[in-house]
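Notes follow once the structure below has been shown.
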Amino acid sequence: MTGSLWRNRDFTLLWSGQLVSTLGAHISATATPLLVLATTGSPADAGVVGAAGTLPHLLANLPAGSLVDRWDRRRILLVSEVLAGLTLLTVPVAVWSGVLTVAQLCLVVFVQGLCFVFFGLAERAALPRVVPAPLVPLAIAHNEARARAGSLAGPPIGGALFGLDRALPFLVDGISYLVAAGSLLFIRRDLQEPATASPEPVWRAAVTRLRWTWRHPFVRAALGLIAVSNVVFGALVLVLVVLAQRDGATPGEIGVMLGVYSAGGLAGALAAGRLHRYLAPKTVIIGINWVWAALLPLFAVVDGTVWIGVVGALCAFVGPLWNVVIFSHATLLVPNELLGRVMSAGATLTWGVMPIGSLGAGYLLTVASPVASIMVLAGLMLAAAVAATVSRAIRSAPPLVPQTSGFGHD
């Protein structure tokens, strides 16, 4: 089956191009807070830039979910890659010219985030048109592996390139987007579904999704817990970068630290497919929140970037198991005809809080030390663990029914 998938020319082109693009995105993501801190010295500015990059998840997810089914998907994919690439290439020009501003960086990362939202939704919608139905789960698994590989390799490369020249990570990322766009030009298949009846108005559909999501107790509780963890871990990355810089770490060492952090997620993804079979859903959801609440204070006491990375890897290891349980339950509980729309609404609610995490990290680091900021985040995670424990919807979550989920495991 694997051989059949890799003999699929269009999938290979799409996957390979996105491997390059994903690697580039993680390279520039690592360098962005380093560039802001090196340029202005302000953690608050770094938080504002981080918030600008995640803001499209709040503003664009709901309408984009409907628009990718109405607009030409091939054009969405191409425009997203080219626009993101050209926008990124303005950063090295500004750095070398000595005119870079925080406002420009905010605009660049906002456009990059907007392109990420549209491309991701269009790619997932087009995938069944690229590969035959029996191979779709395998294709999704390969895409997940692609994302994990990028998050593992990108930070060390980004840190090393930043150490050589502050503009290099952004030059590499901009080129990576254009390379990925080039690969899309050679895809032959039609990526569009046949036209159906007139679609529901975009914002009416969005309200329908949000209403259903809010009315279901388990889904509402799970999304709330995910939102809290996204705020915490969205803020944590900037806090750890500032902490490492305070202790004298080089950009290369910070990149390695973030790479070790990401390695835990890769290991967790490999283990999650087996582990979830032996644990009740309520045990996973409640237990992982307590694991995070226990691990976060360790960031404040460990010494050196390697040990910070190791603690981060432990936090990241349990994340995929959380994803398997949450999304498997959603697949079982949500009516199939509403599944895509409810998932889009859920992504808006959970990813939409990410700007709060970035802005909060910048504010905390302005008024308090990195260690004190970590303890605030640990307190927030402790509150989430307590809330999960006392939640009736979480404690009454039924066991997963084997072989009914339509989603591949991480």
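Letters A, B, ... go to the chains of the structure tokens in the order shown; residues in each chain start at 1; ligands are counted from 1 in the same order.
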Could you name the residues that touch Ala149 of chain A at 12 Å or less, counting only C-alpha atoms, but leaving out those on the same chain fewer than 2 positions away, as an NGL selection string? :A and (18-26 or 142-147 or 151-155 or 259-260 or 262-267 or 269)
Contact residues around Pro169 of chain A with only C-alpha atoms at 8 Å, ignoring same-chain residues under 5 positions, as a short mmCIF file (atom, residue, chain, number, x, y, z; two decimals) with N, CA and C atoms, in the first residue's frame:
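What landed in around-v7.cif:
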data_model
loop_
_atom_site.label_atom_id
_atom_site.label_comp_id
_atom_site.auth_asym_id
_atom_site.auth_seq_id
_atom_site.Cartn_x
_atom_site.Cartn_y
_atom_site.Cartn_z
N GLY A 24 10.87 25.13 5.92
CA GLY A 24 11.15 26.56 5.88
C GLY A 24 10.34 27.35 6.89
N ILE A 27 11.84 27.02 10.23
CA ILE A 27 13.10 27.76 10.29
C ILE A 27 12.84 29.23 10.62
N SER A 28 11.90 29.85 9.89
CA SER A 28 11.63 31.27 10.14
C SER A 28 10.89 31.48 11.46
N ALA A 31 13.39 31.79 14.10
CA ALA A 31 14.19 33.01 14.00
C ALA A 31 13.39 34.26 14.32
N GLY A 158 17.10 26.83 11.86
CA GLY A 158 16.78 28.25 11.99
C GLY A 158 17.72 28.97 12.94
N LEU A 161 21.23 29.26 11.21
CA LEU A 161 21.24 30.28 10.16
C LEU A 161 21.18 31.68 10.74
N PHE A 162 20.37 31.86 11.80
CA PHE A 162 20.28 33.18 12.43
C PHE A 162 21.63 33.59 13.01
#
Could you work out how far atom CA of Leu14 of chain A lies from atom CA of Leu135 of chain A, giving the answer in Å with one decimal?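 So the answer is 15.0 Å.
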Would you mind listing, for every residue of segment 6-125 of chain A within 10 Å of segment 218-240 of chain A, the two atoms forming the shortest contact and the distance between them in Å to one decimal, using only C-alpha atoms, sorted by chain and ascending residue number, as CSV?
residue,atom,partner,partner_atom,distance
A:Thr30,CA,A:Val237,CA,9.6
A:Pro33,CA,A:Leu238,CA,7.1
A:Leu34,CA,A:Leu238,CA,9.3
A:Pro43,CA,A:Leu238,CA,8.0
A:Ala46,CA,A:Leu238,CA,7.7
A:Gly47,CA,A:Leu238,CA,7.5
A:Gly50,CA,A:Leu238,CA,8.7
A:Ala51,CA,A:Gly234,CA,9.4
A:Thr54,CA,A:Gly234,CA,9.6
Go through A:Ala126, A:Ala133, A:Val371, A:Ala167 one by one, measure the shortest atom-to-atom distance of each to Leu191 of chain A using only C-alpha atoms, and give the residue with the smallest value. A:Ala126
In Å, with one decimal, what is the gap from atom CA of Val93 of chain A to atom CA of Val36 of chain A?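 Distance between the two atoms: 15.7 Å.
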Test item: residues at most 10 Å from Val79 of chain A, only C-alpha atoms, excluding those fewer than 3 positions along its chain, as an NGL selection string: :A and (73-76 or 82-85 or 115 or 118-119 or 181)
Please provide as a list in words all residues within 9 Å of Phe11 of chain A, with the sequence filter that same-chain residues fewer than 2 positions apart are discarded (counting only C-alpha atoms). Leu5, Trp6, Arg7, Asn8, Arg9, Leu13, Leu14, Trp15, Ser16, Leu127, Val130, Val131, Ala139 and Ile187 of chain A
So which one's closest to Asp72 of chain A, A:Val111, A:Ala122, A:Val376, A:Val306? Using only C-alpha atoms, please.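 Once distances to Asp72 of chain A are computed over only C-alpha atoms, the minimum belongs to A:Ala122.
The smallest atom-to-atom distance between Pro297 of chain A and any of A:Leu86, A:Met381, A:Val99, A:Ala387, using only C-alpha atoms, is found for A:Met381.
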Figure out the distance between atom CA of Gly53 of chain A and atom CA of Ala125 of chain A, please, to one decimal in Å. 23.2 Å
Give me, as an NGL selection string, the residues of segment 122-293 of chain A that a backbone DSSP run labels alpha helix (DSSP H). :A and (122-130 or 136-164 or 168-184 or 202-215 or 217-246 or 251-275 or 281-293)
